[in-house]
Each structure stands twice: as structure tokens, then as C-alpha cells.
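Colleague: One structure is given below, represented as C-alpha cells, and several questions about it will come after.
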Protein chains: 2
Amino acid sequence: MLSEFELIKHYFDSRRTEGDQITLGIGDDCAILQPHPNKQLAISSDMLVSGRHFFPDADPVGLGHKCLAVNLSDLAAMGAKPVAFTLALALPEANPTWLEGFAQGMFALADEHDCKLIGGDTTKGPLTICITIFGELPHGQALRRDAAQVGDDIWISGTLGDARLALAGYWKEHTLSAELHQQAATRMHRPTPRIALGQSLLGVANAALDISDGLIGDLGHILDRSRVGACLNVDLLPAGPVLAQQTVDLRRTFTLAGGDDYELCFTAPVHQRVAVLAAGQSSGTAVTRVGSIEAEPGLRLLDAHGQVYQHQLKGFDHFTSD
Amino acid sequence: MLSEFELIKHYFDSRRTEGDQITLGIGDDCAILQPHPNKQLAISSDMLVSGRHFFPDADPVGLGHKCLAVNLSDLAAMGAKPVAFTLALALPEANPTWLEGFAQGMFALADEHDCKLIGGDTTKGPLTICITIFGELPHGQALRRDAAQVGDDIWISGTLGDARLALAGYWKEHTLSAELHQQAATRMHRPTPRIALGQSLLGVANAALDISDGLIGDLGHILDRSRVGACLNVDLLPAGPVLAQQTVDLRRTFTLAGGDDYELCFTAPVHQRVAVLAAGQSSGTAVTRVGSIEAEPGLRLLDAHGQVYQHQLKGFDHFTSD
């Protein structure tokens, strides 16, 4: 069996890279970053646990992609440009096939965004993956959760709900044809971080976050931190192509309280509508206007007829949603 | 039961802090750091797994201390000044007593080093703790593993082996009085990161690392990366106060191939001996000269009589040392 050091060396250390902003990469007690002058560093950590965030038998290539994608999505939500990441990995065993697939999926996405592995840790334990990611931001321009303004439009990138629909298929909550389930599952396993859109929204949008635990709960964070309320038209929410073929009830439920969407929810002044559409176009990402920020606290949901939409939905909570 | 958001808010979010270098702390998609001009950022990640790095019933206060201490030790080994850290935590349950103790131990050490919690993640799963830490370094002065020079003295901070001796007590490999075991165990559970010494060695030492997996294996990393060899006098190695009372054989074994020491091993030119001793004194840390760097590859061990010390020791490996 490979030793820990051999294992790390083979799959990860070979990716050692120094260069722009990276003075020292993998292999020392610390990596060393040299940020550009007048730039800020955006930092996010996410931990993914087997059986919780992914199936224990998940395809390692897809898993490598997804672990990095959820972290890139946090950078996208601030408008940051990816620079580097660290990877801490607990593995039940040193399985070369698994590691090769995982490294392949992770580095394909990392290379696409020119984001370099600069360090980390490997240990034995229940399969757990913790990535900490670093991105660059122009000074003072981050898209923060606390910056929504009364009167702002609320926008959503891409589409919502297909990842949650795929999960409903796995859980037998809902029946889909094999073809449609496969299509929805791709969305669940291979989310696309909205990196280009996030950067295009700098100076255009006010507040932003990424939707990982369902729109209702996540938008709630913007409302709380910005001390505002909002009104959404639930029938304007962009449903994924598979979800769009299901009942209205299911469409509303999974667009509002899905999970694993990794789309951006952002607010922008009304006078920026053209600029937002241009940002969407230049980044190749659909953007849909779904509501507006209001002074009155709380979240109000209306349907296409202007009627109040009654619901008992909430955001996903890792400790109460068993 | 507390929800995930309430839990995080109660124990961690209350520590939200913005200030010098920290533009945005906990509570957004990313934290934002604004490094000082002309400084570099040292970054390290460590993952600690229950049953692997600590006992499942470990005292949470001690565990909170140790998790941060091992990361601070990586900063110390580069000569970096602590700035901030992120915490990703997988917990089997939201237990307020455990969390309160863990937060207490972690923040006591964090406050001592003015190191701020700026973000992270909490999820349900087998108890796993991943900290990524950030420190500041003067441009180009880091104590790297690849910088040892032929002729350098090899130095060790503090003492080695008491943590390994405590483990031998827990494992019933070795019998100690309750009092001595308690004394050794304190060393195992509450390591002291050599932060002040690390910074004092900037411009004085050439190479450094922290000893976490046993001196032989860790010094091997300096030798490999610097493409040099070394000679150590095993009877000069500073044994912990409890280990010093045991047999010569045990003393040699546990100073050479212990683990969990979190002392610095560093190399410095002979003409810096006075400066190294001054750095030890100013930081209140014992420093002991134990050998020298040589051109011939490999590690040679001699005893107090100049005889070759025969051994079959090696560094700890998380995948082969079961």
C-alpha cells in the first residue's frame, strides 16, 4: 500500500505550482501567497461529509468537481476571481482508483478557473473533504450580503430546482423517467459555479450570495443582514428544464426550497437592469428578475395572479433536517 | 434542539470581528482579508479526526486548544505572525456543552495570539475539525524547508517525547505513575505553538519546520527538500521532563520518533549561534543544538560516545501506521 507521503506526492504534490501570487505551494508547513497590491483576498471554507453531502458510492470524478465547485460558488457570490485553494482530505483507505478520479474531476475544474492547489492535509478517517479557497477582489467592491437596498430588483442566475428533483428521484419521493432523472442528476452532481457572472456584477449589483440551502433560507440571510424585506413572484422563479415539466406545485416547492443549486441570488438597483442583462450576456449566464427588496421586514410570496402563496417551506438545516 | 444557524450564531458568530487586515469576518459567502502592503500571507490547513488524532471522549476544552495549536505551530515554523483562521466542523450532534467547551479552549488560545475567527462551516457528520490559518510574513523572509545549508547547526525548541510517552501510558505500552502520566498527558493535550520563537528566528535561521510526526521523519523533509544530509547526536536531544526519568532506550526512541511534539526543528549558520540563543531567550523558549547539516545525503545518528546509533524508527504515516 502507498504510504501517506507517497500518496500525496503522487496525486497532489505533482501539481506543485508557484507563479503569480503564489510564492510557495505544496510541501512546506505553510503555503505563501503574495496578493497583488490594492487587492483584497476573499476566503471561504466548505466541508463535505460522505452520506451527508454526497452518496458514499459517489463517482469520484464528479465528487472532485463538486467539492471545488461549491467553494468556487462562494467566490462567485462575492464577485471574486479564483486564485488558489487548500484541500484537507480524510480517507478511509488509500485507494489509488478513487484518488485518481477525484483528482481528475477536481483539477479539470481548477484548471478551467486557473485556481491552484497550494497545500492541505491528508489523513485516515471517514470520507470528509474540506476545501478552503482564495480569490482576489478589487478593494471595497465585494458583493456582500448586507448591502441590499430598498427598491433593488432581486435576480437569480441560471435555473433552480433540478438538483432537488434529482434527489427526490433517488429518494423515491417522485418518479421520473430514467432519461429525465439522469438529466436532473447531472445538475446535482456537476454544479456550475457562476464565476464569470459574479465578476461581471461588480459595480452593478449591491448584494449577492449563492443558493446552496434553498432560495427562501438563503435570501433570508440577505434580508437579515441588510435589515430589509422582499417580495418574490414564485411563478417567475426560473425552474430547471426537468422541473419545468413537472406540476406547478412541485415547481414552486423545489425552486423555493430546493438545495444544491449553486446559482447566484443578487440584488441590483432598478437603473442597473440593462447592465445586469449585459453581465448575464457577457458571462453566458441567464439572469431572471424575480422580485424586489422592500422596507417592510419579512419575505412575501405572490403567485402569477398576485395572490399570496401559502407555504410551510424553510431553508435546509444540517442539524434539524434529518 | 438548536438549528444549525442558531448554533453557529451562538458559539461562533458572536465572535464576529472586523479590524486590522480583516475587512469582513463571519457571516457572508466569504471572509475578506486586506493584507498589509509588502507582506506575504502564510496559509496552512490541518484536519483532525476523532479516534485518529484525539480520543472520541477527549475533553472539549483541550481539544479546542489543540486544534488551533497545531495550526499555529505551522505558522510558527514559517516565522509568521498569526492573523486569522477559518473553522470547518463536522459534529455528530449539536451538543451545547461540548461546543461551549470547544469554543472556550479554542478562543482562549486564539485571543492569546490575536488570531481571529473569520469564517467556516458547520455540518453534521463524524466529529472532524478542519482549521485553515493565516499569518503575516515580511516579504521573502519565510523559514522554508528547502533552505538548509551545508554546515548549518540543527536546533530543537523545547523538549521532545513526553506526548508520545503519554500515549504509551494510555495504550498500556508503558507504565507510569498517575502523577507522571498526568504531567506527560498535559503535554500531549495542550501543545504550545512556538509563535514568538518562530518570528525571532527570521533573518537568523535558514530552514525550519514543526515536529508533528516525529523528529526523524520531519527532519527528513528538510533534508529532502534542501538536498542535504545531517548528523544528529541522539543523546543531545532534549527529552521532556517525564521522559528524561525513563530508560535511555525509551528516551532515544521517543525523542527521535515520537509525535505530537509541536516543537520547531530549525537550521542556522554557525555564526548565528549567539543570535539563536538570544532568540530563545527573548521568546522564553529553550533551544538546544543537536547536530549539523552535511553534504552527504541521509541522516546519521550518533550516541554520546560517538558510536553509530542503530535503529528501525521512522516517521508517523497516517495510512501505514495502524
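Chain identifiers are assigned as A, B, and so on, following the order in which chains appear in the C-alpha cells; residues are numbered from 1 within each chain, and ligands are numbered from 1 in order of appearance.
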Specify as a VMD selection string all residues of chain B found within 7 Å of chain A, counting only C-alpha atoms.

Modeller: chain B and resid 3 to 4 28 to 34 37 40 to 47 49 74 to 75 77 to 78 86 88 94 119 to 121 123 to 125 130 144 to 145 209 317 to 320

Colleague: Which RMSD value, in Å, describes how well chain A fits onto chain B when all C-alpha atoms are paired in order and fitted by least squares?

Modeller: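 With all C-alpha atoms paired in order, the RMSD is 0.0 Å.
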
Colleague: Do you know which residues are at most 8 Å from region 300-311 of chain B counting only C-alpha atoms, after dropping those on the same chain fewer than 5 positions away, and could you put them as a list in words?

Modeller: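 What passes the distance filter is Ala230, Cys231, Leu232, Asn233, Val234, Asp235 and Leu236 of chain B.
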
Colleague: Step one, run DSSP on the backbone; step two, keep only residues of region 30-104 of chain A assigned to strand (DSSP E or B); then write them as a ChimeraX atom specification.

Modeller: /A:31-33,39-50,54,81-91

Colleague: List the spatial neighbours of Val228 (chain A) as a list in words - criterion: any atom at most 7 Å away, only C-alpha atoms, same-chain residues fewer than 2 positions off excluded.

Modeller: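 With the cut-off at 7 Å, the set is Val150, Leu223, Asp224, Ser226, Ala230, Ile293, Glu294, Ala295, Glu296 and Pro297 of chain A.
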
Colleague: Find the residues around His271 (chain A) up to 10 Å (only C-alpha atoms counted), leave out those fewer than 4 positions away in its own chain, and share them as a compact mmCIF listing (two decimals) with N, CA and C atoms, in the first residue's frame.

Modeller:
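Listed below is the output, part_27.txt:
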```txt
# COMPACT_ATOMS: atom_id res chain seq x y z
N ASP A 152 -34.28 47.72 -4.65
CA ASP A 152 -33.47 46.85 -5.54
C ASP A 152 -34.35 45.77 -6.18
N ASP A 153 -34.06 45.44 -7.42
CA ASP A 153 -34.59 44.22 -8.02
C ASP A 153 -33.88 43.02 -7.41
N VAL A 204 -22.19 46.71 -10.31
CA VAL A 204 -23.54 46.69 -10.89
C VAL A 204 -24.55 46.26 -9.83
N ALA A 275 -27.56 46.90 -17.34
CA ALA A 275 -26.21 46.43 -17.01
C ALA A 275 -26.24 44.98 -16.51
N VAL A 276 -27.27 44.63 -15.74
CA VAL A 276 -27.38 43.25 -15.25
C VAL A 276 -27.57 42.30 -16.44
```

Colleague: Kindly give the distance, in Å, that separates CA of Arg252 (chain A) and CA of Gly284 (chain A), rounded to a single decimal.

Modeller: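 Going from CA of Arg252 (chain A) over to CA of Gly284 (chain A) covers 25.3 Å.
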
Colleague: Give me, please, the distance in Å between CA of Leu243 (chain A) and CA of Leu277 (chain A), quoted to one decimal.

Modeller: 24.0 Å

Colleague: With distances taken over only C-alpha atoms, which residue among A:Ala148, A:Ala185, A:Val83, A:Leu99 lies nearest Asp114 (chain A)?

Modeller: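 Smallest distance to Asp114 (chain A) is found for A:Val83.
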
Colleague: Using only C-alpha atoms, which residue out of B:Val242, B:Ala168, B:Ser200, B:His113 lies closest to Ser282 (chain B)?

Modeller: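 The shortest atom-to-atom distance to Ser282 (chain B) comes from B:Ser200.
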
Colleague: Would you please work out which residue, of B:Asp20, B:Ala257, B:Gln199, B:Leu167, is nearest to Cys115 (chain B) when using only C-alpha atoms?

Modeller: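 Under the stated criterion, the closest residue is B:Asp20.
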
Colleague: Suppose you want the space between CA of Lys66 (chain A) and CA of Leu160 (chain A); what is it in Å?

Modeller: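 Between these atoms lies a distance of 16.7 Å.
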
Colleague: What parts of region 149-195 of chain A does DSSP call alpha helix (DSSP H)? I'd like the answer as a list in words.

Modeller: Asp162, Ala163, Arg164, Leu165, Ala166, Leu167, Ala168, Gly169, Tyr170, Ala178, Glu179, Leu180, His181, Gln182, Gln183, Ala184, Ala185, Thr186, Arg187, Met188, His189 and Ile195 of chain A

Colleague: Need the shell around Arg187 (chain A): protein/DNA/RNA residues with any atom at most 12 Å away, counting only C-alpha atoms. Skip same-chain ones fewer than 4 positions apart. Format as a JSON list (two decimals) with N, CA and C atoms, in the first residue's frame?

Modeller:
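As written to disk, selection_36.json reads:
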```json
[["chain", "number", "residue", "atom", "x", "y", "z"],
["A", 62, "GLY", "N", -16.95, 13.08, -10.41],
["A", 62, "GLY", "CA", -17.99, 14.07, -10.12],
["A", 62, "GLY", "C", -17.80, 14.71, -8.76],
["A", 65, "HIS", "N", -15.12, 17.31, -8.81],
["A", 65, "HIS", "CA", -15.67, 18.52, -9.42],
["A", 65, "HIS", "C", -16.53, 19.28, -8.41],
["A", 66, "LYS", "N", -17.45, 18.56, -7.77],
["A", 66, "LYS", "CA", -18.45, 19.24, -6.93],
["A", 66, "LYS", "C", -17.82, 19.91, -5.71],
["A", 69, "ALA", "N", -16.39, 22.99, -6.87],
["A", 69, "ALA", "CA", -17.43, 23.86, -7.43],
["A", 69, "ALA", "C", -18.17, 24.62, -6.33],
["A", 158, "GLY", "N", -29.21, 31.47, -13.84],
["A", 158, "GLY", "CA", -29.50, 30.10, -14.28],
["A", 158, "GLY", "C", -30.88, 29.62, -13.89],
["A", 159, "THR", "N", -30.98, 28.39, -13.44],
["A", 159, "THR", "CA", -32.27, 27.82, -13.05],
["A", 159, "THR", "C", -32.15, 27.10, -11.71],
["A", 160, "LEU", "N", -33.28, 26.93, -11.06],
["A", 160, "LEU", "CA", -33.32, 26.32, -9.73],
["A", 160, "LEU", "C", -34.10, 25.00, -9.77],
["A", 161, "GLY", "N", -33.80, 24.13, -8.83],
["A", 161, "GLY", "CA", -34.69, 23.02, -8.50],
["A", 161, "GLY", "C", -34.38, 21.67, -9.13],
["A", 162, "ASP", "N", -33.61, 21.62, -10.22],
["A", 162, "ASP", "CA", -33.36, 20.31, -10.83],
["A", 162, "ASP", "C", -32.51, 19.41, -9.92],
["A", 163, "ALA", "N", -31.59, 19.98, -9.15],
["A", 163, "ALA", "CA", -30.77, 19.16, -8.24],
["A", 163, "ALA", "C", -31.68, 18.53, -7.18],
["A", 164, "ARG", "N", -32.60, 19.33, -6.65],
["A", 164, "ARG", "CA", -33.53, 18.81, -5.63],
["A", 164, "ARG", "C", -34.46, 17.76, -6.23],
["A", 165, "LEU", "N", -34.84, 17.96, -7.49],
["A", 165, "LEU", "CA", -35.70, 17.00, -8.17],
["A", 165, "LEU", "C", -34.97, 15.67, -8.36],
["A", 166, "ALA", "N", -33.69, 15.73, -8.68],
["A", 166, "ALA", "CA", -32.89, 14.50, -8.81],
["A", 166, "ALA", "C", -32.85, 13.75, -7.49],
["A", 167, "LEU", "N", -32.68, 14.50, -6.40],
["A", 167, "LEU", "CA", -32.66, 13.88, -5.07],
["A", 167, "LEU", "C", -34.01, 13.21, -4.79],
["A", 180, "LEU", "N", -34.91, 11.61, -17.87],
["A", 180, "LEU", "CA", -35.09, 12.88, -17.18],
["A", 180, "LEU", "C", -34.34, 12.88, -15.84],
["A", 181, "HIS", "N", -34.36, 11.73, -15.16],
["A", 181, "HIS", "CA", -33.64, 11.69, -13.89],
["A", 181, "HIS", "C", -32.15, 11.89, -14.11],
["A", 182, "GLN", "N", -31.63, 11.28, -15.14],
["A", 182, "GLN", "CA", -30.22, 11.43, -15.48],
["A", 182, "GLN", "C", -29.89, 12.90, -15.74],
["A", 183, "GLN", "N", -30.77, 13.56, -16.48],
["A", 183, "GLN", "CA", -30.56, 14.97, -16.81],
["A", 183, "GLN", "C", -30.56, 15.85, -15.55],
["A", 191, "PRO", "N", -22.52, 20.88, -10.44],
["A", 191, "PRO", "CA", -22.96, 22.28, -10.46],
["A", 191, "PRO", "C", -21.92, 23.17, -11.15],
["A", 192, "THR", "N", -22.40, 24.25, -11.75],
["A", 192, "THR", "CA", -21.53, 25.20, -12.45],
["A", 192, "THR", "C", -21.39, 26.47, -11.62],
["A", 193, "PRO", "N", -20.20, 26.72, -11.06],
["A", 193, "PRO", "CA", -20.05, 27.96, -10.29],
["A", 193, "PRO", "C", -20.10, 29.16, -11.22],
["A", 240, "GLY", "N", -35.47, 24.60, -13.41],
["A", 240, "GLY", "CA", -34.61, 23.80, -14.27],
["A", 240, "GLY", "C", -35.43, 23.14, -15.36],
["A", 241, "PRO", "N", -34.80, 22.75, -16.46],
["A", 241, "PRO", "CA", -35.54, 22.20, -17.61],
["A", 241, "PRO", "C", -36.35, 20.94, -17.27],
["A", 242, "VAL", "N", -35.88, 20.14, -16.34],
["A", 242, "VAL", "CA", -36.64, 18.93, -15.99],
["A", 242, "VAL", "C", -37.79, 19.30, -15.05],
["A", 243, "LEU", "N", -37.49, 20.14, -14.07],
["A", 243, "LEU", "CA", -38.52, 20.57, -13.12],
["A", 243, "LEU", "C", -39.64, 21.33, -13.84],
["A", 259, "GLY", "N", -32.17, 23.16, -2.93],
["A", 259, "GLY", "CA", -30.86, 22.92, -2.30],
["A", 259, "GLY", "C", -29.93, 22.45, -3.39],
["A", 260, "ASP", "N", -28.62, 22.69, -3.17],
["A", 260, "ASP", "CA", -27.60, 22.25, -4.13],
["A", 260, "ASP", "C", -27.74, 22.95, -5.48],
["A", 261, "ASP", "N", -28.32, 24.16, -5.49],
["A", 261, "ASP", "CA", -28.49, 24.85, -6.77],
["A", 261, "ASP", "C", -27.20, 25.53, -7.24],
["A", 262, "TYR", "N", -26.50, 26.18, -6.29],
["A", 262, "TYR", "CA", -25.28, 26.92, -6.60],
["A", 262, "TYR", "C", -25.48, 27.94, -7.72],
["A", 263, "GLU", "N", -26.64, 28.58, -7.67],
["A", 263, "GLU", "CA", -26.88, 29.75, -8.51],
["A", 263, "GLU", "C", -26.70, 30.99, -7.64]]
```
